[in-house]
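Taking it in order: structure first as structure tokens, then the write-up.
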Amino acid sequence: MVNLFVLKTEELKALVQYKDVLDKGVSFPKNFWKQEKNQTKGIKTRCRILTRYCLENIAHIEPENLPQYYLKDIKQILTANKLFSMVHIVFNHDILALLKNAYPNEFRERKLKEWMWSKHGLWHDDNLIKEAVYDMVRKEGIMRIADIPSFDWKKRLLKHGIYNMLMYFNYSIYALFNFVYPGKFHPTHFKYKTKWKAAESLENAFYFMHRIFKKKRYSLDDIILLGTSDFRKLGLAGMLISMFDSSTLKAKEYYLFKTIGNEQHQQEIKEDIARLLEKKKNEAIVRRLKKAAHGKYIYNLHQNSTLYGFLKRHAKKNNLSIEEFVQKYGFIYKTARNSTPEISLDELWNLRKQGLTYIEIADRLGSNPTTVNQMCRKHFGGDPLIPRPIDDYITVQELMNKYHVDHKTVMKLVKENGFENHTTIRFRYLKKSEIEPALEKYIKTSRTHQHLVERYSKQA
């Protein structure tokens, strides 16, 4: 409520005239508002005291309760209490300017910041929009303008009660902040999908990629090698899906050539990718070789099975021996093992047809039975452990059926005499010319065997 005892003389005179207007029904004196209508700066003293007296003493509205009213309600109260001429002549129906004149300290100290709320329809005033955003940014404790895009502003606009402000910017966060801070931001700084639906979306995509690549300090080679997972990790997945049909090739093409679907450009990128992948692979091989090398020499890789397997695979892909492959990268391979001579498949097949065992073939070719075994299995098929010719051999089961001896007896003779003994997954093969004479001799000379035969013959 206005305290009449602390008012200045000019304010008291204005109140006296206002009381006459209210009580006697007379009009304000001629040119009563002229001086303050032409006043461009400072507080309009007469208008200030009359507005406060009307609202506080007559309508009994305290300053802190003003935000509960709409501006049109305030205007109706002033008009009903004979102050329409002031609203019309001095303030041209700008109720907010009238209230700021009446309560300058309250507005300056943000006690009446709710008057900026969009429910009062104030967003047609550019200065009010800027004032509201400045206040919100300050309240959020943001010191650097560059940090603004990293915040979720839709939640904060709701929190500060000015979300409807976005209606004047087609609900675009970027448009709002670009209006308040012109030239400080780009649409891609704000993480909202709308930037991929605008007419300038391709330019936004280029700017977005360029900003992130520059921030990550990617070279041209790094950019060419980026895959889908890399785009996703960089936060470019939405752009990739919306603008380039999830194709990293199209995205790279647009970034490098500003074209989409140009076959020549795409082929150039594919060739660069293949070249860089080959370069990357070679660098990995060199790094691994350097770890195992002593100077320029690499000794006996058989002790390092992991590296040996790695080099063996890559050498095979390039149709090179390990020695040649290592030499290709500037190293010299020295091994304690003798190099295994190359085996001719035609020669191997001819020896096999002759009915030689794998041991015999290995001796003739200067190799080993395991290598011969594996090559026969790979190139000629069949059971690699069955000796050739098969007719010269017999299984243990066949011997048991023919000579009426048990398995233990047969194997005992094999072990004692060191006969050929070939095993497969299903059968054990013994050489007929060795085992049969031994079994016949055993049957004739073994008293134990003869006793068992007589015993079971009588029972039968």
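Each chain of the structure tokens is named A, B, ... in the order shown, its residues numbered from 1; ligands are numbered from 1 in display order.
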
Requested in this report: For stretch 262-265 of chain A, work out the shell of residues within 10 Å, counting only C-alpha atoms and skipping chain neighbours fewer than 6 positions away, then give it as a ChimeraX atom specification.
Outcome: /A:249-250,252-254,256,271

For those residues, write C-alpha atoms to a file as a compact mmCIF listing (two decimals), in the first residue's frame.
# COMPACT_ATOMS: atom_id res chain seq x y z
CA LEU A 249 30.11 -44.47 -48.58
CA LYS A 250 27.52 -41.83 -49.55
CA LYS A 252 32.06 -39.81 -47.25
CA GLU A 253 31.30 -39.00 -50.90
CA TYR A 254 29.30 -35.91 -49.94
CA LEU A 256 34.80 -35.16 -49.84
CA GLU A 271 40.10 -47.79 -54.03

Query raised in the report: What are the DSSP helix (DSSP H, G or I) residues of stretch 243-392 of chain A, as JSON, numbers by chain?
Result: {"A": [243, 244, 248, 249, 250, 251, 252, 253, 254, 255, 256, 257, 263, 264, 265, 266, 267, 268, 269, 270, 271, 272, 273, 274, 275, 276, 277, 278, 279, 280, 281, 282, 283, 284, 285, 286, 287, 288, 289, 290, 291, 292, 301, 302, 303, 305, 306, 307, 308, 309, 310, 311, 312, 313, 314, 315, 316, 317, 322, 323, 324, 325, 326, 327, 328, 345, 346, 347, 348, 349, 350, 351, 352, 353, 358, 359, 360, 361, 362, 363, 364, 365, 369, 370, 371, 372, 373, 374, 375, 376, 377, 378, 379, 390, 391, 392]}

Query - Distance criterion (only C-alpha atoms): nearest to A:Gln35 out of A:Met86, A:Ala175, A:Ile298, A:Glu323 - result: A:Met86

Query raised in the report: With only C-alpha atoms as the basis for distance, which of A:Ile322, A:Tyr442, A:Ile394, A:Met400 is at the shortest distance from A:Thr423?
Result: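 Among the listed residues, the smallest separation from A:Thr423 belongs to A:Ile394.
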
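Shell of A:Leu12 at 12 Å, with only C-alpha atoms counted and residues fewer than 6 places along the chain excluded, is Val2, Asn3, Leu4, Phe5, Val6, Tyr18, Lys19, Thr45, Arg46, Arg48, Ile49, Leu50 and Tyr53 of chain A.
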
Serialized selection, N, CA and C atoms, as a PDB file, in the first residue's frame:
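Final output, selection16.pdb:
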ATOM      1  N   VAL A   2       0.443   2.274  -0.747  1.00  0.00           N
ATOM      2  CA  VAL A   2       1.217   3.509  -0.857  1.00  0.00           C
ATOM      3  C   VAL A   2       1.119   4.282   0.455  1.00  0.00           C
ATOM      4  N   ASN A   3       2.288   4.666   0.987  1.00  0.00           N
ATOM      5  CA  ASN A   3       2.358   5.446   2.230  1.00  0.00           C
ATOM      6  C   ASN A   3       2.350   6.926   1.861  1.00  0.00           C
ATOM      7  N   LEU A   4       1.251   7.619   2.166  1.00  0.00           N
ATOM      8  CA  LEU A   4       1.092   9.020   1.763  1.00  0.00           C
ATOM      9  C   LEU A   4       2.049   9.948   2.472  1.00  0.00           C
ATOM     10  N   PHE A   5       2.581   9.542   3.597  1.00  0.00           N
ATOM     11  CA  PHE A   5       3.411  10.434   4.417  1.00  0.00           C
ATOM     12  C   PHE A   5       4.856  10.532   3.918  1.00  0.00           C
ATOM     13  N   VAL A   6       5.232   9.711   2.945  1.00  0.00           N
ATOM     14  CA  VAL A   6       6.614   9.772   2.440  1.00  0.00           C
ATOM     15  C   VAL A   6       6.653  10.255   1.001  1.00  0.00           C
ATOM     16  N   TYR A  18      -6.260  13.361  -8.755  1.00  0.00           N
ATOM     17  CA  TYR A  18      -6.847  12.055  -9.046  1.00  0.00           C
ATOM     18  C   TYR A  18      -8.054  11.787  -8.137  1.00  0.00           C
ATOM     19  N   LYS A  19      -7.971  12.243  -6.852  1.00  0.00           N
ATOM     20  CA  LYS A  19      -9.090  12.082  -5.917  1.00  0.00           C
ATOM     21  C   LYS A  19     -10.307  12.875  -6.402  1.00  0.00           C
ATOM     22  N   THR A  45       6.935  10.330 -12.950  1.00  0.00           N
ATOM     23  CA  THR A  45       6.552  10.370 -11.527  1.00  0.00           C
ATOM     24  C   THR A  45       5.044  10.343 -11.336  1.00  0.00           C
ATOM     25  N   ARG A  46       4.282  11.192 -12.052  1.00  0.00           N
ATOM     26  CA  ARG A  46       2.825  11.246 -11.877  1.00  0.00           C
ATOM     27  C   ARG A  46       2.193   9.890 -12.202  1.00  0.00           C
ATOM     28  N   ARG A  48       3.559   7.054 -12.181  1.00  0.00           N
ATOM     29  CA  ARG A  48       4.008   6.040 -11.216  1.00  0.00           C
ATOM     30  C   ARG A  48       3.130   6.041  -9.962  1.00  0.00           C
ATOM     31  N   ILE A  49       2.930   7.202  -9.385  1.00  0.00           N
ATOM     32  CA  ILE A  49       2.182   7.257  -8.127  1.00  0.00           C
ATOM     33  C   ILE A  49       0.705   6.940  -8.335  1.00  0.00           C
ATOM     34  N   LEU A  50       0.140   7.384  -9.479  1.00  0.00           N
ATOM     35  CA  LEU A  50      -1.275   7.122  -9.722  1.00  0.00           C
ATOM     36  C   LEU A  50      -1.513   5.624  -9.986  1.00  0.00           C
ATOM     37  N   TYR A  53      -1.158   3.832  -6.607  1.00  0.00           N
ATOM     38  CA  TYR A  53      -2.288   4.115  -5.716  1.00  0.00           C
ATOM     39  C   TYR A  53      -3.539   3.358  -6.169  1.00  0.00           C
TER      40      TYR A  53
END

Query - stretch 208-223 of chain A surroundings by only C-alpha atoms, 12 Å radius, close-in-sequence under 6 positions cut, as a PyMOL selection string - result: chain A and resi 185-191+195-196+201-202+230-231+233-240+248-249+251-256+269+272-277+279-280

Query - 12 Å contact set for A:Ile43, only C-alpha atoms, chain neighbours under 5 positions out, as an MDAnalysis selection string - result: chainID A and resid 36:37 48:49 97:105

Would you mind exporting N, CA and C atoms of the selected residues as an mmCIF file, in the first residue's frame?
data_model
loop_
_atom_site.group_PDB
_atom_site.id
_atom_site.type_symbol
_atom_site.label_atom_id
_atom_site.label_comp_id
_atom_site.auth_asym_id
_atom_site.auth_seq_id
_atom_site.Cartn_x
_atom_site.Cartn_y
_atom_site.Cartn_z
ATOM 1 N N GLU A 36 4.698 14.104 -19.406
ATOM 2 C CA GLU A 36 5.198 12.734 -19.276
ATOM 3 C C GLU A 36 5.013 11.933 -20.568
ATOM 4 N N LYS A 37 4.087 12.338 -21.414
ATOM 5 C CA LYS A 37 3.950 11.684 -22.709
ATOM 6 C C LYS A 37 5.211 11.898 -23.548
ATOM 7 N N ARG A 48 3.559 7.054 -12.181
ATOM 8 C CA ARG A 48 4.008 6.040 -11.216
ATOM 9 C C ARG A 48 3.130 6.041 -9.962
ATOM 10 N N ILE A 49 2.930 7.202 -9.385
ATOM 11 C CA ILE A 49 2.182 7.257 -8.127
ATOM 12 C C ILE A 49 0.705 6.940 -8.335
ATOM 13 N N ALA A 97 4.939 -1.655 -20.095
ATOM 14 C CA ALA A 97 5.749 -0.439 -19.901
ATOM 15 C C ALA A 97 5.194 0.387 -18.733
ATOM 16 N N LEU A 98 3.882 0.419 -18.615
ATOM 17 C CA LEU A 98 3.241 1.139 -17.504
ATOM 18 C C LEU A 98 3.649 0.532 -16.167
ATOM 19 N N LEU A 99 3.656 -0.819 -16.099
ATOM 20 C CA LEU A 99 4.022 -1.481 -14.846
ATOM 21 C C LEU A 99 5.510 -1.326 -14.537
ATOM 22 N N LYS A 100 6.355 -1.366 -15.577
ATOM 23 C CA LYS A 100 7.788 -1.162 -15.344
ATOM 24 C C LYS A 100 8.057 0.252 -14.824
ATOM 25 N N ASN A 101 7.282 1.207 -15.286
ATOM 26 C CA ASN A 101 7.416 2.583 -14.791
ATOM 27 C C ASN A 101 6.973 2.682 -13.330
ATOM 28 N N ALA A 102 5.923 1.932 -12.977
ATOM 29 C CA ALA A 102 5.395 1.993 -11.604
ATOM 30 C C ALA A 102 6.250 1.201 -10.627
ATOM 31 N N TYR A 103 6.863 0.116 -11.107
ATOM 32 C CA TYR A 103 7.642 -0.761 -10.204
ATOM 33 C C TYR A 103 9.044 -1.027 -10.787
ATOM 34 N N PRO A 104 9.839 0.016 -10.974
ATOM 35 C CA PRO A 104 11.157 -0.185 -11.611
ATOM 36 C C PRO A 104 12.089 -1.073 -10.785
ATOM 37 N N ASN A 105 12.093 -0.915 -9.486
ATOM 38 C CA ASN A 105 12.991 -1.710 -8.638
ATOM 39 C C ASN A 105 12.610 -3.187 -8.661
#

Can you pull out the residues contacting A:Asn57? Cut-off 9 Å, using only C-alpha atoms, and skip same-chain residues under 5 positions away; I want them as a compact mmCIF listing (two decimals) with C-alpha atoms, in the first residue's frame.
# COMPACT_ATOMS: atom_id res chain seq x y z
CA MET A 1 0.00 0.00 0.00
CA VAL A 2 1.22 3.51 -0.86
CA ARG A 52 0.51 2.33 -7.61
CA GLU A 62 0.24 -5.93 -3.68

Query - Coordinates-based distance that separates atom CA of A:Ile361 from atom CA of A:Asn319 (Å, one decimal) - result: 26.3 Å

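The space between atom CA of A:Gly183 and atom CA of A:Ile142 spans 18.4 Å.
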
Query raised in the report: Hey, can you check how far atom CA of A:Lys412 sits from atom CA of A:Tyr358?
Result: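 Taking atom CA of A:Lys412 as the start and atom CA of A:Tyr358 as the end point, the length is 24.3 Å.
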
Interface rows for stretch 172-243 of chain A against stretch 132-136 of chain A: nearest pair, Å to one decimal, 9 Å, only C-alpha atoms, as a Markdown table:
| residue | atom | partner | partner_atom | distance |
| --- | --- | --- | --- | --- |
| A:Leu176 | CA | A:Val133 | CA | 8.9 |
| A:Phe177 | CA | A:Val133 | CA | 8.3 |
| A:Val180 | CA | A:Val133 | CA | 7.4 |

Would you save the residues of that selection, restricted to N, CA and C atoms, as a tab-separated table (two decimals), in the first residue's frame?
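Final output, saved to result.tsv:
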chain	number	residue	atom	x	y	z
A	176	LEU	N	15.72	-20.01	-31.78
A	176	LEU	CA	15.60	-19.15	-30.60
A	176	LEU	C	16.95	-18.57	-30.20
A	177	PHE	N	17.94	-19.45	-30.05
A	177	PHE	CA	19.24	-18.98	-29.57
A	177	PHE	C	19.99	-18.22	-30.66
A	180	VAL	N	18.69	-14.72	-30.24
A	180	VAL	CA	19.21	-14.03	-29.06
A	180	VAL	C	20.72	-13.78	-29.17

Requested in this report: Kindly indicate which residue among A:Phe257, A:Ala292, A:Asn92, A:Glu324 lies nearest to A:Ser305, using only C-alpha atoms for the distances.
Outcome: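 For A:Ser305, the nearest of the given residues is A:Ala292.
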
Any chance you could list, as a PDB file with C-alpha atoms, in the first residue's frame, the residues in stretch 234-351 of chain A that come up strand (DSSP E) when DSSP is run on the backbone?
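Ended up saving to result-v4.pdb:
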ATOM      1  CA  TYR A 297      67.177 -61.149 -38.411  1.00  0.00           C
ATOM      2  CA  ILE A 298      64.317 -63.351 -37.186  1.00  0.00           C
ATOM      3  CA  TYR A 299      65.340 -66.678 -35.684  1.00  0.00           C
ATOM      4  CA  ILE A 332      65.853 -62.158 -42.963  1.00  0.00           C
ATOM      5  CA  TYR A 333      64.431 -65.422 -41.586  1.00  0.00           C
ATOM      6  CA  LYS A 334      66.844 -67.996 -40.185  1.00  0.00           C
TER       7      LYS A 334
END

Query raised in the report: When distances are computed from only C-alpha atoms, which of A:Ala284, A:Ala362, A:Ser433, A:Thr371 shows the smallest separation from A:Asp391?
Result: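 That would be A:Ser433, the residue with the smallest distance to A:Asp391.
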
**Report entry** Spatial neighbours of A:Leu166, max dist 12 Å, only C-alpha atoms, sep filter under 3 positions, as a list in words
**Finding:** Ser118, Trp123, His124, Ile129, Val133, Trp153, Lys154, Leu157, Leu158, Gly161, Ile162, Tyr163, Phe169, Asn170, Tyr171, Ser172, Ile173, Tyr174, Ala175, Leu176, Phe177 and Phe179 of chain A

**Report entry** Among listed residues A:Ile148, A:Leu413, A:Leu96, A:Ile224, nearest A:Leu66 (using only C-alpha atoms)
**Finding:**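 Closest to A:Leu66, using only C-alpha atoms: A:Leu96.
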